[in-house]
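Data from protein-v2.cif: mmCIF, C-alpha atoms and all ligand atoms
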data_protein
loop_
_atom_site.group_PDB
_atom_site.id
_atom_site.type_symbol
_atom_site.label_atom_id
_atom_site.label_comp_id
_atom_site.auth_asym_id
_atom_site.auth_seq_id
_atom_site.Cartn_x
_atom_site.Cartn_y
_atom_site.Cartn_z
ATOM 1 C CA MET A 4 108.838 103.485 203.617
ATOM 2 C CA ASN A 5 108.452 107.253 204.120
ATOM 3 C CA ILE A 6 106.659 109.307 201.503
ATOM 4 C CA ILE A 7 105.487 112.873 201.010
ATOM 5 C CA LEU A 8 102.350 113.898 199.131
ATOM 6 C CA LEU A 9 102.991 117.237 197.473
ATOM 7 C CA ALA A 10 100.112 119.036 195.757
ATOM 8 C CA PRO A 11 98.103 122.234 195.489
ATOM 9 C CA PRO A 12 95.035 122.584 197.738
ATOM 10 C CA ALA A 13 92.152 120.203 196.975
ATOM 11 C CA ALA A 14 94.159 117.955 194.625
ATOM 12 C CA GLY A 15 93.175 114.887 196.660
ATOM 13 C CA LYS A 16 96.089 114.414 199.060
ATOM 14 C CA GLY A 17 93.872 113.371 201.975
ATOM 15 C CA THR A 18 91.861 110.897 199.871
ATOM 16 C CA GLN A 19 94.957 109.258 198.376
ATOM 17 C CA ALA A 20 96.727 109.207 201.751
ATOM 18 C CA ALA A 21 93.801 107.214 203.217
ATOM 19 C CA LEU A 22 94.033 104.679 200.347
ATOM 20 C CA ILE A 23 97.807 104.388 200.709
ATOM 21 C CA VAL A 24 97.748 103.765 204.475
ATOM 22 C CA SER A 25 95.078 101.103 204.194
ATOM 23 C CA LYS A 26 97.029 99.160 201.572
ATOM 24 C CA TYR A 27 100.598 99.688 202.761
ATOM 25 C CA HIS A 28 99.977 99.895 206.557
ATOM 26 C CA MET A 29 101.716 103.176 207.044
ATOM 27 C CA LYS A 30 100.878 106.052 209.378
ATOM 28 C CA HIS A 31 99.015 109.019 207.851
ATOM 29 C CA ILE A 32 100.215 112.380 209.156
ATOM 30 C CA SER A 33 98.130 115.301 207.927
ATOM 31 C CA THR A 34 99.241 118.629 209.369
ATOM 32 C CA GLY A 35 95.917 120.196 208.283
ATOM 33 C CA GLU A 36 93.981 117.523 210.242
ATOM 34 C CA LEU A 37 96.282 117.799 213.267
ATOM 35 C CA LEU A 38 95.748 121.561 213.302
ATOM 36 C CA ARG A 39 91.970 121.254 212.902
ATOM 37 C CA LYS A 40 91.849 118.758 215.787
ATOM 38 C CA SER A 41 93.943 120.993 218.026
ATOM 39 C CA LEU A 42 91.527 123.868 217.456
ATOM 40 C CA LYS A 43 88.635 122.495 219.444
ATOM 41 C CA GLN A 44 89.554 124.697 222.428
ATOM 42 C CA ASP A 45 88.448 128.309 222.540
ATOM 43 C CA ASP A 46 91.769 129.776 223.726
ATOM 44 C CA ASP A 47 93.725 132.650 222.159
ATOM 45 C CA ILE A 48 96.251 130.470 220.342
ATOM 46 C CA SER A 49 93.457 128.388 218.751
ATOM 47 C CA LYS A 50 91.712 131.550 217.591
ATOM 48 C CA GLU A 51 94.934 132.846 216.089
ATOM 49 C CA ILE A 52 95.660 129.587 214.223
ATOM 50 C CA LYS A 53 92.072 129.428 212.952
ATOM 51 C CA GLN A 54 92.361 132.939 211.595
ATOM 52 C CA ILE A 55 95.618 132.087 209.786
ATOM 53 C CA MET A 56 94.076 128.957 208.239
ATOM 54 C CA ASN A 57 90.964 130.835 207.133
ATOM 55 C CA SER A 58 93.091 133.466 205.455
ATOM 56 C CA GLY A 59 94.924 130.814 203.410
ATOM 57 C CA LYS A 60 98.328 131.598 204.970
ATOM 58 C CA LEU A 61 100.754 129.188 206.576
ATOM 59 C CA VAL A 62 100.827 128.499 210.305
ATOM 60 C CA SER A 63 104.284 129.149 211.844
ATOM 61 C CA ASP A 64 107.037 126.635 211.128
ATOM 62 C CA GLU A 65 107.668 126.332 214.862
ATOM 63 C CA ILE A 66 104.136 125.053 215.607
ATOM 64 C CA ILE A 67 104.164 122.711 212.603
ATOM 65 C CA LEU A 68 107.572 121.244 213.399
ATOM 66 C CA GLN A 69 106.531 120.540 216.993
ATOM 67 C CA LEU A 70 103.452 118.689 215.735
ATOM 68 C CA ILE A 71 105.458 116.680 213.203
ATOM 69 C CA GLU A 72 108.240 115.746 215.586
ATOM 70 C CA LYS A 73 105.757 114.342 218.103
ATOM 71 C CA GLU A 74 103.990 112.306 215.405
ATOM 72 C CA LEU A 75 107.208 110.933 213.906
ATOM 73 C CA GLU A 76 108.591 109.852 217.240
ATOM 74 C CA SER A 77 105.533 107.720 217.894
ATOM 75 C CA ALA A 78 105.467 106.208 214.372
ATOM 76 C CA GLU A 79 106.634 102.617 214.345
ATOM 77 C CA GLU A 80 105.732 102.047 210.713
ATOM 78 C CA GLY A 81 106.513 104.202 207.649
ATOM 79 C CA VAL A 82 104.685 107.508 207.227
ATOM 80 C CA VAL A 83 102.683 109.289 204.541
ATOM 81 C CA LEU A 84 103.064 113.023 205.027
ATOM 82 C CA ASP A 85 100.108 115.030 203.777
ATOM 83 C CA GLY A 86 100.416 118.819 203.867
ATOM 84 C CA PHE A 87 104.007 118.839 205.113
ATOM 85 C CA PRO A 88 106.573 120.114 204.193
ATOM 86 C CA ARG A 89 104.916 123.220 202.814
ATOM 87 C CA ASN A 90 107.993 125.428 202.379
ATOM 88 C CA ARG A 91 111.782 125.187 202.106
ATOM 89 C CA VAL A 92 112.455 125.662 205.814
ATOM 90 C CA GLN A 93 110.136 122.754 206.666
ATOM 91 C CA ALA A 94 111.711 120.556 203.953
ATOM 92 C CA ILE A 95 115.210 121.137 205.327
ATOM 93 C CA GLU A 96 114.092 120.641 208.942
ATOM 94 C CA TYR A 97 112.390 117.396 207.915
ATOM 95 C CA GLU A 98 115.625 116.115 206.335
ATOM 96 C CA GLU A 99 117.463 116.826 209.580
ATOM 97 C CA LEU A 100 114.746 115.196 211.650
ATOM 98 C CA LEU A 101 114.861 112.020 209.555
ATOM 99 C CA GLN A 102 118.626 111.932 209.856
ATOM 100 C CA ARG A 103 118.376 112.180 213.655
ATOM 101 C CA LEU A 104 115.867 109.336 213.675
ATOM 102 C CA GLY A 105 118.102 107.254 211.370
ATOM 103 C CA GLN A 106 115.465 107.181 208.620
ATOM 104 C CA LYS A 107 115.252 108.256 204.979
ATOM 105 C CA LEU A 108 112.711 109.692 202.587
ATOM 106 C CA ASP A 109 111.782 107.232 199.817
ATOM 107 C CA ALA A 110 109.613 109.230 197.402
ATOM 108 C CA VAL A 111 107.709 112.467 196.903
ATOM 109 C CA LEU A 112 104.431 111.949 195.061
ATOM 110 C CA TYR A 113 103.541 115.163 193.281
ATOM 111 C CA LEU A 114 99.810 115.236 192.499
ATOM 112 C CA SER A 115 99.536 117.742 189.662
ATOM 113 C CA ILE A 116 96.210 119.331 188.756
ATOM 114 C CA PRO A 117 95.080 122.485 186.908
ATOM 115 C CA GLU A 118 93.975 125.278 189.262
ATOM 116 C CA GLU A 119 90.400 125.355 187.930
ATOM 117 C CA VAL A 120 89.876 121.608 188.427
ATOM 118 C CA ALA A 121 91.087 121.839 192.020
ATOM 119 C CA LYS A 122 88.886 124.857 192.669
ATOM 120 C CA ALA A 123 85.797 123.040 191.399
ATOM 121 C CA ARG A 124 86.531 120.165 193.802
ATOM 122 C CA ILE A 125 86.478 122.217 196.999
ATOM 123 C CA ILE A 126 82.913 123.309 196.402
ATOM 124 C CA GLY A 127 81.637 119.721 196.715
ATOM 125 C CA ARG A 128 84.057 118.605 199.416
ATOM 126 C CA ARG A 129 82.577 117.353 202.699
ATOM 127 C CA THR A 130 84.351 115.772 205.665
ATOM 128 C CA CYS A 131 83.158 113.516 208.443
ATOM 129 C CA PRO A 132 83.915 115.289 211.765
ATOM 130 C CA THR A 133 84.040 111.916 213.564
ATOM 131 C CA CYS A 134 86.195 109.617 211.406
ATOM 132 C CA GLY A 135 87.760 112.150 209.003
ATOM 133 C CA LYS A 136 86.533 110.422 205.826
ATOM 134 C CA ILE A 137 86.454 112.771 202.812
ATOM 135 C CA TYR A 138 83.587 112.915 200.303
ATOM 136 C CA ASN A 139 82.835 114.848 197.167
ATOM 137 C CA MET A 140 79.137 115.541 196.646
ATOM 138 C CA GLN A 141 79.431 115.987 192.875
ATOM 139 C CA MET A 142 81.814 113.148 192.135
ATOM 140 C CA GLU A 143 79.985 110.607 194.279
ATOM 141 C CA GLU A 144 76.440 111.713 193.361
ATOM 142 C CA MET A 145 75.398 111.671 197.006
ATOM 143 C CA THR A 146 71.856 112.533 198.015
ATOM 144 C CA GLU A 147 72.314 112.503 201.813
ATOM 145 C CA GLU A 148 75.128 114.297 203.605
ATOM 146 C CA LEU A 149 75.853 111.392 205.961
ATOM 147 C CA CYS A 150 79.119 109.484 206.486
ATOM 148 C CA GLY A 151 78.871 106.009 204.947
ATOM 149 C CA SER A 152 81.191 104.560 207.618
ATOM 150 C CA CYS A 153 79.872 106.049 210.873
ATOM 151 C CA HIS A 154 76.615 107.827 209.865
ATOM 152 C CA THR A 155 77.662 111.221 211.258
ATOM 153 C CA SER A 156 76.371 114.332 209.438
ATOM 154 C CA LEU A 157 79.063 115.604 207.094
ATOM 155 C CA ILE A 158 80.475 119.130 207.324
ATOM 156 C CA SER A 159 82.219 121.560 204.956
ATOM 157 C CA ARG A 160 85.630 122.750 206.052
ATOM 158 C CA GLU A 161 85.658 126.437 207.032
ATOM 159 C CA ASP A 162 88.447 127.150 204.534
ATOM 160 C CA ASP A 163 86.657 125.393 201.635
ATOM 161 C CA ASN A 164 85.178 128.432 199.921
ATOM 162 C CA GLU A 165 86.257 130.087 196.689
ATOM 163 C CA GLU A 166 87.804 133.131 198.315
ATOM 164 C CA THR A 167 89.990 131.178 200.756
ATOM 165 C CA PHE A 168 90.856 128.718 197.996
ATOM 166 C CA ASP A 169 92.346 131.554 195.902
ATOM 167 C CA LEU A 170 94.460 132.654 198.860
ATOM 168 C CA ARG A 171 95.546 129.070 199.646
ATOM 169 C CA TYR A 172 96.489 128.583 195.994
ATOM 170 C CA GLU A 173 98.564 131.777 195.991
ATOM 171 C CA THR A 174 100.368 130.614 199.133
ATOM 172 C CA TYR A 175 100.951 127.218 197.512
ATOM 173 C CA MET A 176 102.460 128.780 194.378
ATOM 174 C CA ARG A 177 104.738 131.068 196.344
ATOM 175 C CA GLU A 178 105.839 128.844 199.232
ATOM 176 C CA THR A 179 105.223 125.196 198.356
ATOM 177 C CA SER A 180 105.654 124.830 194.593
ATOM 178 C CA PRO A 181 109.449 125.528 194.797
ATOM 179 C CA LEU A 182 109.655 122.137 196.549
ATOM 180 C CA ILE A 183 108.900 120.460 193.196
ATOM 181 C CA SER A 184 112.369 121.316 191.873
ATOM 182 C CA PHE A 185 113.893 120.830 195.344
ATOM 183 C CA TYR A 186 112.863 117.142 195.322
ATOM 184 C CA GLN A 187 113.373 116.721 191.560
ATOM 185 C CA GLU A 188 117.040 117.582 192.031
ATOM 186 C CA LYS A 189 117.277 114.875 194.696
ATOM 187 C CA GLY A 190 115.781 112.324 192.287
ATOM 188 C CA LEU A 191 112.798 111.715 194.585
ATOM 189 C CA LEU A 192 109.946 113.367 192.672
ATOM 190 C CA LYS A 193 107.244 111.269 190.960
ATOM 191 C CA GLU A 194 104.560 113.228 189.140
ATOM 192 C CA ILE A 195 100.996 111.890 188.945
ATOM 193 C CA ASP A 196 98.042 113.395 187.075
ATOM 194 C CA ALA A 197 95.581 114.139 189.889
ATOM 195 C CA SER A 198 92.801 115.349 187.611
ATOM 196 C CA LEU A 199 91.960 111.684 186.902
ATOM 197 C CA LYS A 200 89.385 109.746 188.927
ATOM 198 C CA THR A 201 90.342 108.726 192.472
ATOM 199 C CA GLU A 202 90.859 105.029 191.543
ATOM 200 C CA GLU A 203 92.984 105.924 188.498
ATOM 201 C CA VAL A 204 95.215 108.200 190.549
ATOM 202 C CA PHE A 205 95.607 105.458 193.156
ATOM 203 C CA LYS A 206 96.526 102.862 190.498
ATOM 204 C CA ARG A 207 99.377 105.098 189.371
ATOM 205 C CA ILE A 208 100.490 105.583 192.965
ATOM 206 C CA GLU A 209 100.496 101.811 193.519
ATOM 207 C CA LEU A 210 102.732 101.289 190.471
ATOM 208 C CA ILE A 211 105.206 103.787 191.856
ATOM 209 C CA LEU A 212 105.136 102.496 195.442
ATOM 210 C CA ASN A 213 105.593 98.902 194.329
ATOM 211 C CA GLU A 214 108.940 99.958 192.837
ATOM 212 C CA VAL A 215 110.160 101.997 195.829
HETATM 213 P P1 LIG A 301 94.712 121.588 201.740
HETATM 214 O O1 LIG A 301 93.473 120.858 201.439
HETATM 215 O O2 LIG A 301 94.736 123.009 201.259
HETATM 216 O O3 LIG A 301 95.942 120.856 201.357
HETATM 217 P P2 LIG A 301 95.290 121.226 204.594
HETATM 218 O O4 LIG A 301 94.203 120.536 205.326
HETATM 219 O O5 LIG A 301 96.531 120.461 204.298
HETATM 220 O O6 LIG A 301 94.657 121.851 203.300
HETATM 221 O O7 LIG A 301 95.730 122.546 205.398
HETATM 222 C C1 LIG A 301 94.801 123.528 205.804
HETATM 223 C C2 LIG A 301 95.551 124.755 206.359
HETATM 224 O O8 LIG A 301 96.351 124.374 207.501
HETATM 225 C C3 LIG A 301 96.554 125.424 205.414
HETATM 226 O O9 LIG A 301 95.929 126.324 204.519
HETATM 227 C C4 LIG A 301 97.510 126.110 206.416
HETATM 228 O O10 LIG A 301 96.960 127.305 206.933
HETATM 229 C C5 LIG A 301 97.590 125.110 207.561
HETATM 230 N N1 LIG A 301 98.717 124.156 207.371
HETATM 231 C C6 LIG A 301 98.611 122.825 207.082
HETATM 232 N N2 LIG A 301 99.837 122.270 206.960
HETATM 233 C C7 LIG A 301 100.737 123.276 207.166
HETATM 234 C C8 LIG A 301 102.163 123.362 207.150
HETATM 235 N N3 LIG A 301 102.925 122.299 206.901
HETATM 236 N N4 LIG A 301 102.738 124.569 207.393
HETATM 237 C C9 LIG A 301 102.006 125.648 207.662
HETATM 238 N N5 LIG A 301 100.661 125.666 207.674
HETATM 239 C C10 LIG A 301 100.023 124.483 207.432
#

Will you turn the file into structure tokens for me?
Ligand code: ADP
Amino acid sequence: MNIILLAPPAAGKGTQAALIVSKYHMKHISTGELLRKSLKQDDDISKEIKQIMNSGKLVSDEIILQLIEKELESAEEGVVLDGFPRNRVQAIEYEELLQRLGQKLDAVLYLSIPEEVAKARIIGRRTCPTCGKIYNMQMEEMTEELCGSCHTSLISREDDNEETFDLRYETYMRETSPLISFYQEKGLLKEIDASLKTEEVFKRIELILNEV
């Protein structure tokens, strides 16, 4: 089973992707995570990508498609794509890539959420730099900023501030939201209310995936 998670920034794609892969044994491919991991070096290309991400714009399709192709080739199980495709070019390239690999896309889960609710979520978002687990300080009423799984100190993502959120949201509306009708026309789109609690959103996802 191959699925795409489509949503505005901070709707909960990463959190739901982690729940999906643990239940359905699929591979989680997050282009945002792959980019953040590749930015540990201090070379010119890393600096350039970091600057693009912190300005809320999209990294070039060429870089993203190279990352995706490598990940897909090594995936023996189905994949959950989180943060890709993010525009029409990427969606069409992904179709061609799947065709070459003799695979198909099974569903696109569209996590819908009002802009203000998503914006409020980024302020409390923390990530574990070691295992990648995502937390929300407000929703989980946490007192210590430590990862519950590996006890590393949690960090805030550099692009999780109100100003960058506004820019990321603008980019989403302009470049990514047209993919909603793109996949609707193909009969693949399933809309889920992502303003609900994490467990409620996941229950709805399970109902959909059990039918796919
Ligand atoms: P979000 O929480 O906003 O969904 P991500 O972690 O998915 O954030 O992505 C962070 C940033 O990485 C994006 O704002 C963008 O600059 C870059 N990025 C991630 N995926 C893609 C993609 N498919 N195409 C271009 N840029 C991407």

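The residue that comes closest to ligand LIG 301 (chain A), out of A:Asp64, A:Glu188, A:Glu161, A:Glu96 and on the basis of all atoms listed in the file, is A:Asp64.
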
Which residues match the PyMOL selection byres (((chain A and resi 183) around 10) and not hetatm) in the file above, as a PDB file with C-alpha atoms, in the coordinates of the input?
ATOM      1  CA  LEU A   9     102.991 117.237 197.473  1.00  0.00           C
ATOM      2  CA  ALA A  10     100.112 119.036 195.757  1.00  0.00           C
ATOM      3  CA  VAL A 111     107.709 112.467 196.903  1.00  0.00           C
ATOM      4  CA  LEU A 112     104.431 111.949 195.061  1.00  0.00           C
ATOM      5  CA  TYR A 113     103.541 115.163 193.281  1.00  0.00           C
ATOM      6  CA  THR A 179     105.223 125.196 198.356  1.00  0.00           C
ATOM      7  CA  SER A 180     105.654 124.830 194.593  1.00  0.00           C
ATOM      8  CA  PRO A 181     109.449 125.528 194.797  1.00  0.00           C
ATOM      9  CA  LEU A 182     109.655 122.137 196.549  1.00  0.00           C
ATOM     10  CA  SER A 184     112.369 121.316 191.873  1.00  0.00           C
ATOM     11  CA  PHE A 185     113.893 120.830 195.344  1.00  0.00           C
ATOM     12  CA  TYR A 186     112.863 117.142 195.322  1.00  0.00           C
ATOM     13  CA  GLN A 187     113.373 116.721 191.560  1.00  0.00           C
ATOM     14  CA  GLU A 188     117.040 117.582 192.031  1.00  0.00           C
ATOM     15  CA  LEU A 191     112.798 111.715 194.585  1.00  0.00           C
ATOM     16  CA  LEU A 192     109.946 113.367 192.672  1.00  0.00           C
ATOM     17  CA  LYS A 193     107.244 111.269 190.960  1.00  0.00           C
ATOM     18  CA  GLU A 194     104.560 113.228 189.140  1.00  0.00           C
TER      19      GLU A 194
END

task: On this file, the PyMOL selection byres (((chain A and resi 114) around 12) and not hetatm) gives some set of residues; write that set as a PyMOL selection string.
output: chain A and resi 7-20+85-86+111-113+115-117+121+180+183+192-199+201+204-205+207-208

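From atom CA of A:Leu38 back to atom CA of A:Thr174, the distance works out to 17.4 Å.
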
statement: Shortest contact to A:Ile52, candidates A:Ala78, A:Ile67, A:Ile158, A:Ile32, atoms counted only C-alpha atoms, goes to A:Ile67

Residues within 6 Å of ligand LIG 301 (chain A) should be enumerated using all atoms listed in the file and returned as a PDB file with C-alpha atoms, in the coordinates of the input.
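Output below, filename result01.pdb:
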ATOM      1  CA  PRO A  12      95.035 122.584 197.738  1.00  0.00           C
ATOM      2  CA  ALA A  13      92.152 120.203 196.975  1.00  0.00           C
ATOM      3  CA  THR A  34      99.241 118.629 209.369  1.00  0.00           C
ATOM      4  CA  GLY A  35      95.917 120.196 208.283  1.00  0.00           C
ATOM      5  CA  GLU A  36      93.981 117.523 210.242  1.00  0.00           C
ATOM      6  CA  ILE A  55      95.618 132.087 209.786  1.00  0.00           C
ATOM      7  CA  MET A  56      94.076 128.957 208.239  1.00  0.00           C
ATOM      8  CA  GLY A  59      94.924 130.814 203.410  1.00  0.00           C
ATOM      9  CA  LYS A  60      98.328 131.598 204.970  1.00  0.00           C
ATOM     10  CA  LEU A  61     100.754 129.188 206.576  1.00  0.00           C
ATOM     11  CA  VAL A  62     100.827 128.499 210.305  1.00  0.00           C
ATOM     12  CA  SER A  63     104.284 129.149 211.844  1.00  0.00           C
ATOM     13  CA  ILE A  67     104.164 122.711 212.603  1.00  0.00           C
ATOM     14  CA  GLY A  86     100.416 118.819 203.867  1.00  0.00           C
ATOM     15  CA  PHE A  87     104.007 118.839 205.113  1.00  0.00           C
ATOM     16  CA  PRO A  88     106.573 120.114 204.193  1.00  0.00           C
ATOM     17  CA  ARG A  89     104.916 123.220 202.814  1.00  0.00           C
ATOM     18  CA  ARG A 171      95.546 129.070 199.646  1.00  0.00           C
TER      19      ARG A 171
END
